[in-house]
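Chemist: Right, I'll just put the structure down here and ask away after.
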Amino acid sequence: MGSMGSDKQITGWAARDSSGILSPYKYSLRTTGAEDVVMKVLYCGICHTDIHQTKNHLGMSNYPMVPGHEVVGEVIEVGSDVTKFKVGDVVGAGVIVGCCRSCGPCKSDIEQYCNKRVWSYNDVYTDGKPTQGGFASAMVVDQKFVVKIPEKLAPEQAAPLLCAGLTVYSPLKHLGLTGSGLKAGILGLGGVGHMGVKIAKAMGHHVTVISSSDKKREEAMDDLGADAYLVSSDTEGMTAAVDSLDYIIDTIPVFHPLEPYISLLKVGGKHVIMGVINEPLQFVTPVIMLGRKSITGSFIGSMTEMSEMLEFCAEKGLTSTIEMVKMDYVNKAFERLERNDVRYRFVVDVAGSNLEQ
Ligand SMILES: NC(=O)C1=CN([C@@H]2O[C@H](COP(=O)(O)OP(=O)(O)OC[C@H]3O[C@@H](n4cnc5c(N)ncnc54)[C@H](OP(=O)(O)O)[C@@H]3O)[C@@H](O)[C@H]2O)C=CC1
Ligand SMILES: O=C/C=C/c1ccc(O)c(O)c1
Ligand SMILES: [Zn+2]
Ligand SMILES: [Zn+2]
């Protein structure tokens, strides 16, 4: 890495086009501002959103694009007004690195819903420079969007919590679904889904995994602690489970019918959509009306919830289940994630990949 003065030259791995293939890319970090934290990236998780973005599934991708928004790093420099962090701290950054600070959502501490949010990559920062994410040797992030990683959590295990963990924790809090004894459905057992099982279990819920295949049954029950496992194509099993769930966390990342899952909800049950799906989903209205059911969405969580969720995971001894890889494996890892071949999150050992050599 270059000097820590202005115009720090660093190396990240960037997608250049919608093939989504990442390769080394040199760019400069902004000069450290008064509120900025500079971190040497240690680990970065691979979220399915990184595939959506690098492959331009939403039609809004700009290249070169260094993805990665489950970033754990070590603080190597802080700006003059930074009070919350010091050099040597192990910290994290997630999906959002900026907001307007004056709109309703910002003032209500739900800055993830600010219409002027700045994304950690595939966006433009307030200085006019493109934002670039965590598959890079370093990142500069405003202290508001940096969180301390609790000492009890291993840094590589903590990385997936910064998006996947938060994405599950936030709607459960917001929707009042934290009490013990609730009946949960986790639809899609991937990175977000497996944290759904762990967090819901830690809240004392009875957890049913609803999966597209039988392949993950044993692991889901024995390793993750799920109470039940349904295969969505098993008509008999699905029928037996009708009207049984208080909520469903739906993490499927592609178009899918909603009605078979909504029918699993009790009266007043909630279907929470997480997947980023760029085509209309459909349902006929009686499936929600005749049961006062809700279909809602949720987007990551706030920085306040991020700290709270990390403390919750530390206290309950919750970690993510990861496969650690080096950066030269990242394209293979993206390909395996896309074909549903990971248990349950890839984490890139960024510092151990010596990007600057
Ligand atoms: N709303 C938000 O704030 C956030 C949204 N996301 C989005 O959530 C979605 C899930 O992310 P993530 O958990 O990282 O993704 P993963 O790929 O890790 O997991 C998705 C799971 O969905 C199931 N699935 C995958 N493909 C299909 C398919 N073609 N048909 C049916 N089921 C399928 C699989 O589970 P199984 O094998 O059990 O069927 C798979 O493991 C993505 O769209 C991502 O962009 C992610 C983070 C935050
Ligand atoms: O992985 C985190 C980001 C999720 C996300 C949710 C909604 C949306 O439109 C996105 O572009 C990303
Ligand atoms: Zn994510
Ligand atoms: Zn705002």
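We label chains A, B, ... in the order they appear in the structure tokens, count residues from 1 in each chain, and number ligands from 1 in the order shown.
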Which residues are close to region 86-92 of chain A, i.e. within 9 Å by only C-alpha atoms, leaving aside same-chain residues fewer than 4 positions away? Reply as an NGL selection string.

Modeler: :A and (37-39 or 70-78 or 82 or 145-151 or 155 or 158-159 or 162)

Chemist: Neighbouring residues of region 112-117 of chain A were defined as those with any atom within 7 Å, considering only C-alpha atoms; residues of the same chain fewer than 2 positions away were excluded. Please report them as a list in words.

Modeler: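 With the cut-off at 7 Å, the set is Ile96, Gly98, Cys99, Cys100, Cys103, Pro105, Cys106, Ile110, Trp119, Gly301 and Ser302 of chain A.
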
Chemist: Selection from above, N, CA, C and O atoms, as a CSV table (one decimal), in the first residue's frame, can you write it?

Modeler:
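Okay, this is what ended up in again.csv:
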chain,number,residue,atom,x,y,z
A,96,ILE,N,-23.9,0.4,3.5
A,96,ILE,CA,-24.1,1.8,3.3
A,96,ILE,C,-22.9,2.6,4.0
A,96,ILE,O,-22.5,2.3,5.1
A,98,GLY,N,-22.9,6.3,3.6
A,98,GLY,CA,-23.2,7.7,3.6
A,98,GLY,C,-24.7,7.9,3.6
A,98,GLY,O,-25.5,7.0,3.2
A,99,CYS,N,-25.2,9.0,4.2
A,99,CYS,CA,-26.6,9.4,4.1
A,99,CYS,C,-26.7,10.9,4.3
A,99,CYS,O,-25.6,11.5,4.7
A,100,CYS,N,-27.9,11.5,4.2
A,100,CYS,CA,-28.0,12.9,4.2
A,100,CYS,C,-27.9,13.5,5.6
A,100,CYS,O,-27.6,14.6,5.8
A,103,CYS,N,-32.9,14.0,6.7
A,103,CYS,CA,-34.3,13.6,6.3
A,103,CYS,C,-34.9,12.8,7.5
A,103,CYS,O,-34.3,12.5,8.5
A,105,PRO,N,-36.0,9.5,7.7
A,105,PRO,CA,-35.3,8.3,8.1
A,105,PRO,C,-33.9,8.5,8.8
A,105,PRO,O,-33.6,7.9,9.8
A,106,CYS,N,-33.2,9.5,8.4
A,106,CYS,CA,-31.9,9.8,9.0
A,106,CYS,C,-32.1,10.2,10.5
A,106,CYS,O,-31.4,9.8,11.4
A,110,ILE,N,-32.9,5.4,11.1
A,110,ILE,CA,-33.0,4.3,10.1
A,110,ILE,C,-32.4,4.8,8.8
A,110,ILE,O,-33.1,4.8,7.8
A,119,TRP,N,-24.0,3.9,-1.3
A,119,TRP,CA,-23.7,2.5,-1.2
A,119,TRP,C,-22.2,2.4,-1.2
A,119,TRP,O,-21.4,3.2,-1.7
A,301,GLY,N,-30.1,-3.0,7.8
A,301,GLY,CA,-30.6,-2.5,9.1
A,301,GLY,C,-29.8,-1.2,9.3
A,301,GLY,O,-28.9,-0.8,8.5
A,302,SER,N,-30.1,-0.6,10.4
A,302,SER,CA,-29.4,0.7,10.7
A,302,SER,C,-28.1,0.4,11.4
A,302,SER,O,-27.8,-0.7,11.9

Chemist: Residues within 9 Å of ligand 2 (only C-alpha atoms and all ligand atoms), as a list in words?

Modeler: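 I would give the residues around ligand 2 as Cys47, His48, Thr49, Asp50, His52, Gln53, Leu58, Met60, His69, Glu70, Gly94, Val95, Ile96, Trp119, Cys163, Ala164, Thr167, Met274, Gly275, Val276, Ile277, Asn278, Ser298, Phe299 and Ile300 of chain A.
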
Chemist: Please determine, counting only C-alpha atoms, which residue among A:Phe255, A:Lys270, A:Gly193, A:Lys152 has the shortest atom-to-atom distance to Gly176 (chain A).

Modeler: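 Among the listed residues, A:Lys270 lies closest to Gly176 (chain A).
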
Chemist: Between CA of Tyr261 (chain A) and CA of Cys313 (chain A), what is the distance, to one decimal in Å?

Modeler: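 Straight-line distance from CA of Tyr261 (chain A) to CA of Cys313 (chain A) works out to 28.3 Å.
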
Chemist: Using only C-alpha atoms, which residue out of A:Met327, A:Ala314, A:Ala240, A:Leu161 lies closest to Arg345 (chain A)?

Modeler: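 For Arg345 (chain A), the nearest of the given residues is A:Leu161.
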
Chemist: I'd like to know which residues of region 41-95 of chain A are helix (DSSP H, G or I) (by DSSP, run on the backbone); could you write them as a CSV table (one decimal) with C-alpha atoms, in the first residue's frame?

Modeler:
chain,number,residue,atom,x,y,z
A,48,HIS,CA,-25.5,-12.8,-3.4
A,49,THR,CA,-26.0,-9.0,-3.9
A,50,ASP,CA,-22.4,-8.9,-5.1
A,51,ILE,CA,-23.5,-11.2,-8.0
A,52,HIS,CA,-26.6,-9.1,-8.7
A,53,GLN,CA,-24.3,-6.0,-8.9
A,54,THR,CA,-21.3,-7.3,-10.7

Chemist: Using only C-alpha atoms for the distances, tell me which of A:Gly204, A:Gly317, A:Pro280, A:Pro160 is nearest to Gly181 (chain A).

Modeler: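 Checking each candidate against Gly181 (chain A), we get A:Gly204 as the closest.
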
Chemist: May I have the residues within 8 Å of Asn331 (chain A) as a list in words, using only C-alpha atoms and disregarding those fewer than 3 positions away in the same chain?

Modeler: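 Counting only C-alpha atoms, the residues come to Ile21, Leu22, Asp328, Phe334 and Glu335 of chain A.
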
Chemist: Keeping only N, CA and C atoms, write the selected residues as a tab-separated table (two decimals), in the first residue's frame.

Modeler:
chain	number	residue	atom	x	y	z
A	21	ILE	N	-16.64	-10.95	-14.00
A	21	ILE	CA	-15.34	-11.52	-13.64
A	21	ILE	C	-14.46	-10.45	-13.00
A	22	LEU	N	-13.90	-10.78	-11.84
A	22	LEU	CA	-13.06	-9.83	-11.12
A	22	LEU	C	-11.59	-10.03	-11.47
A	328	ASP	N	-7.48	-15.12	-5.08
A	328	ASP	CA	-7.34	-15.72	-6.42
A	328	ASP	C	-8.41	-16.79	-6.67
A	334	PHE	N	-17.62	-16.92	-6.63
A	334	PHE	CA	-18.84	-16.29	-7.17
A	334	PHE	C	-19.64	-17.32	-7.98
A	335	GLU	N	-18.92	-18.08	-8.80
A	335	GLU	CA	-19.59	-19.07	-9.66
A	335	GLU	C	-20.27	-20.14	-8.79

Chemist: May I ask which of the residues A:Phe346, A:Ser61, A:Met324, A:Glu236 is the closest one to ligand 3, counting only C-alpha atoms and all ligand atoms?

Modeler: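 Of all the options, A:Phe346 lies closest to ligand 3.
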
Chemist: Tell me, as a list of chain:residue names, which residues lie within 10 Å of Ile10 (chain A), counting only C-alpha atoms; anything in the same chain fewer than 3 positions away does not count.

Modeler: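 Listed by chain and then number, they are A:Met1, A:Gly2, A:Ser3, A:Asp7, A:Tyr25, A:Lys26, A:Tyr27, A:Ser28, A:Leu29, A:Ala136, A:Ser137, A:Ala138, A:Met139, A:Leu355, A:Glu356.
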